[in-house]
Amino acid sequence: MEAKVAYIDDNIQDQKKYKMRFTNDARSMGKFRLDTFNAPKSPDAYDRIGDANPDLLLVDYDLDIPENGNVIGISGVALSTELRRKFPDVPIVLFTRKSVFGLQNYISTREKLSSIIDEIIYKQEMFEQGSSKLEDIYRLADGYRILKNQTDRSWRGLLALMGATKSDEILMEQSNPPFPDIKSWVPSSLAVWVRDVLLRFPGILYDAIHAATLLGISKEAFLSEDVQRTFASARYNGIFEPTEGRWWKSKIQNHAYSIMSKKEKGAPLREGFPRAWERIKGETIDRSKCVFSGDSPADWVCYILKKPVLIKYSLPYTVDNRPSVMDEARISFEAIRTTNDWDEKQIDSMGRELIPKIRKMAKPGR
Amino acid sequence: MWIEEYATNLTFLIGPKLLGSYLTTQTRTNVQGKVAELRSIASDVRRSRKPQVWDFSIPRDCPIQFIVNRNRFQVDISGTIKGNGDSIEEVGSLLRVWSLNKNICYRAGIDAKEVATLFNKTKRRVIIRFHFDRREKKVTNPEPIYHMQIGGVAHTDENCWFPNLEVPRLQFPPMDVILLSELVLVNFFHEDSRDLREKPEWKSLVIKSQKTFQHPYFDSFNSFVKSDTDTILGKLISVSL
């Protein structure tokens, strides 16, 4: 189904450029229909956007460039606030040049504006070779469209829409949903919660590396055709499904236990599942290896390196405000020793005391 | 300053990243109040020009209470520390094992009916209690300097399964509530707590308590082991206070 995009930009050249790209790029052809608008300056202008009945609002970030040349983009944000108020059922994507913010600014701006905008996308990356951004915004528009058309706007309706099981329901209730006691939800606040909590933090839904580590196997082994076939029904295919995939932790566990013998079930899943797989398939499966020691199976994922790690070679890393039911973010000793991409302030005082020892310690088993 | 550091350690202990999910909700509030008391002691000790005697307790009636485990046992721990200035004089603790299983709490044909009546009111009963104490100055009995005693003086509300027992007192290293927490996890939540017990921050916390409370004990113990002049127990009961 074609997604109608309202692209709001005061730069006429950019309007023409992206209109052409959305029309001609093979990945967007047939998926999007782009209408361009100048930044609305009157109530009529908002009405014109509403008349286009958009499925997604693509808003230029730096609509105003102040005279001193410092891009502050306030108009794009202010406009998005107004757009959210007027069109609460339509996703808003801030569209910007990469030079406007660095990575840290990107993350903090995205967090700060999470109730106003759904995504920030760099103009340069939208049509890059191999970029999934077009698919991402299509899924965003599609998710909102499903939510908008959902007649049963209750908690039960949502669980059915997402394909959650009874055990997931309890965890979801503890994940700070934006509607704890009310009987209905509005699409924009629900979308923020689903995308920024349930799909973002591992705990209820897992990406490939977390799912693989849960099973004690490598990410490559998890993504192999054979394993994917086994866990096909554990795959999340509800609203806002990310292009790289998510899997229900509870369903992975259930499937894994269903093929395990009584003895294999006696061991932790990460040890029992690979044994069961090898017994049934008659071939070895690649285990998850700790990025620091090389030992198998690892039992956690390093937040910085996105690689498996043994929990004993990691420290808690308080980098976001994830609900306590989600898996704790931890940084591996390897990341502490080999990268500068982490912030010591995000490690608590107990962990900070250990950093000098971690830097000096000999690598085990190597 | 040791007292302040210990207050921080207790805060970590009961926090969501360590013991939090193993404790009842009331425990967190109780212990937070106690940590505030400890910080206030630290502040008094810091201000005082002369070493000041203090004592700190997590009392038996406001303990660190663990959630019910898979076998329907519920453990709670309490403890005291006495100090002078920034040094520790004495540490003691109590571990109680409650059962919520009626078949364990009331043995038909063996227990009196009053036991069943009380159990029906409280729905739980202390099955066993362990004291980890330092010998008191006034005691003349032959007690190892630090010892563990099964039983002790039970309280009415415990409906204790075990009779009051004074002896034996078994030689045992000093235990504070942090060291006892590890003992509880290992024994009552062995599988569930495996990941937690592997965490460096958990180990670091326990090692700090080991260093404070147990290193001096084991140093002395080691010298007693090497001694040919007396038995270990003979030495432990004759250490003067």
# chains A, B, ... in the order shown; residues from 1 in each chain; ligands from 1

call {"tool": "residues_around", "arguments": {"residues": "Asp295 in chain A", "least_positions_apart": "2", "cutoff": "10 Å", "atoms": "only C-alpha atoms", "output": "ChimeraX atom specification"}}
result
/A:287-293,297-298,309-310,364-366

call {"tool": "interface_residues", "arguments": {"of": "chain A", "to": "chain B", "cutoff": "9 Å", "atoms": "only C-alpha atoms", "output": "list in words"}}
result
Pro268, Asp299, Leu310, Ile311, Lys312, Tyr313, Ser314, Leu315, Pro316, Ser324, Glu328, Met350, Gly351 and Leu354 of chain A

call {"tool": "select_by_dssp", "arguments": {"residues": "range 60-159 of chain B", "states": "helix (DSSP H, G or I)", "output": "ChimeraX atom specification"}}
result
/B:102-105,113-122,156-158

call {"tool": "write_last_selection", "arguments": {"atoms": "C-alpha atoms", "output": "PDB file, in the first residue's frame"}}
result
ATOM      1  CA  LYS B 102       2.136 -26.281  56.006  1.00  0.00           C
ATOM      2  CA  ASN B 103       3.450 -29.842  55.765  1.00  0.00           C
ATOM      3  CA  ILE B 104       6.781 -28.686  57.112  1.00  0.00           C
ATOM      4  CA  CYS B 105       5.406 -26.216  59.626  1.00  0.00           C
ATOM      5  CA  LYS B 113      -2.496 -28.373  68.050  1.00  0.00           C
ATOM      6  CA  GLU B 114      -1.453 -24.935  69.320  1.00  0.00           C
ATOM      7  CA  VAL B 115       1.271 -24.951  66.692  1.00  0.00           C
ATOM      8  CA  ALA B 116      -1.320 -25.428  63.972  1.00  0.00           C
ATOM      9  CA  THR B 117      -3.479 -22.679  65.465  1.00  0.00           C
ATOM     10  CA  LEU B 118      -0.594 -20.242  65.454  1.00  0.00           C
ATOM     11  CA  PHE B 119       0.478 -21.277  61.963  1.00  0.00           C
ATOM     12  CA  ASN B 120      -3.042 -20.708  60.650  1.00  0.00           C
ATOM     13  CA  LYS B 121      -2.773 -17.141  61.932  1.00  0.00           C
ATOM     14  CA  THR B 122       0.719 -16.314  60.695  1.00  0.00           C
ATOM     15  CA  THR B 156       7.129 -15.871  70.220  1.00  0.00           C
ATOM     16  CA  ASP B 157       6.186 -14.426  66.844  1.00  0.00           C
ATOM     17  CA  GLU B 158       8.602 -16.850  65.187  1.00  0.00           C
TER      18      GLU B 158
END

call {"tool": "residues_around", "arguments": {"residues": "Arg129 in chain B", "least_positions_apart": "3", "cutoff": "9 Å", "atoms": "only C-alpha atoms", "output": "compact mmCIF listing (two decimals) with N, CA, C and O atoms, in the first residue's frame"}}
result
# COMPACT_ATOMS: atom_id res chain seq x y z
N LEU B 94 22.17 -12.46 62.26
CA LEU B 94 21.19 -13.52 62.49
C LEU B 94 20.53 -13.88 61.17
O LEU B 94 20.15 -13.00 60.40
N LEU B 95 20.44 -15.17 60.93
CA LEU B 95 19.76 -15.65 59.71
C LEU B 95 18.60 -16.53 60.15
O LEU B 95 18.80 -17.47 60.93
N ARG B 96 17.42 -16.20 59.68
CA ARG B 96 16.26 -17.02 60.04
C ARG B 96 15.66 -17.63 58.77
O ARG B 96 15.52 -16.94 57.75
N VAL B 97 15.31 -18.90 58.87
CA VAL B 97 14.67 -19.57 57.73
C VAL B 97 13.22 -19.84 58.11
O VAL B 97 12.95 -20.60 59.04
N TRP B 98 12.32 -19.17 57.40
CA TRP B 98 10.89 -19.38 57.62
C TRP B 98 10.39 -20.36 56.56
O TRP B 98 10.85 -20.32 55.42
N VAL B 126 9.29 -20.11 61.80
CA VAL B 126 10.75 -20.22 61.69
C VAL B 126 11.15 -21.68 61.88
O VAL B 126 10.85 -22.29 62.91
N GLN B 149 25.90 -20.23 66.08
CA GLN B 149 25.07 -20.99 67.01
C GLN B 149 23.73 -21.26 66.34
O GLN B 149 23.08 -20.34 65.82
N ILE B 150 23.33 -22.51 66.32
CA ILE B 150 22.03 -22.86 65.75
C ILE B 150 21.00 -22.74 66.87
O ILE B 150 21.23 -23.27 67.96
N GLY B 151 19.93 -22.06 66.61
CA GLY B 151 18.90 -21.91 67.64
C GLY B 151 18.98 -20.54 68.27
O GLY B 151 18.58 -19.57 67.68
N GLY B 152 19.49 -20.48 69.48
CA GLY B 152 19.49 -19.22 70.21
C GLY B 152 18.12 -18.98 70.81
O GLY B 152 17.26 -19.88 70.81
N ALA B 154 14.62 -18.00 70.74
CA ALA B 154 13.57 -17.75 69.75
C ALA B 154 12.53 -16.78 70.32
O ALA B 154 12.37 -16.68 71.53
N CYS B 160 8.84 -20.79 66.62
CA CYS B 160 10.04 -21.50 66.16
C CYS B 160 9.95 -23.02 66.30
O CYS B 160 9.54 -23.54 67.33
N PHE B 162 12.41 -24.97 66.26
CA PHE B 162 13.58 -25.43 66.97
C PHE B 162 13.51 -25.00 68.43
O PHE B 162 13.14 -23.87 68.70

call {"tool": "closest_residue", "arguments": {"among": "B:Gly15, B:Ile128, B:Lys137, B:Phe224", "to": "Leu165 in chain B", "atoms": "only C-alpha atoms"}}
result
B:Ile128

call {"tool": "select_by_dssp", "arguments": {"residues": "range 15-216 of chain B", "states": "strand (DSSP E or B)", "output": "MDAnalysis selection string"}}
result
chainID B and resid 23 53:58 64:66 73:84 87:99 125:134 146:150 152 165 169:171

call {"tool": "atom_distance", "arguments": {"atom1": "CA of Val319 in chain A", "atom2": "CA of Thr338 in chain A"}}
result
18.9 Å

call {"tool": "atom_distance", "arguments": {"atom1": "CA of Asp192 in chain B", "atom2": "CA of Tyr206 in chain A"}}
result
20.8 Å
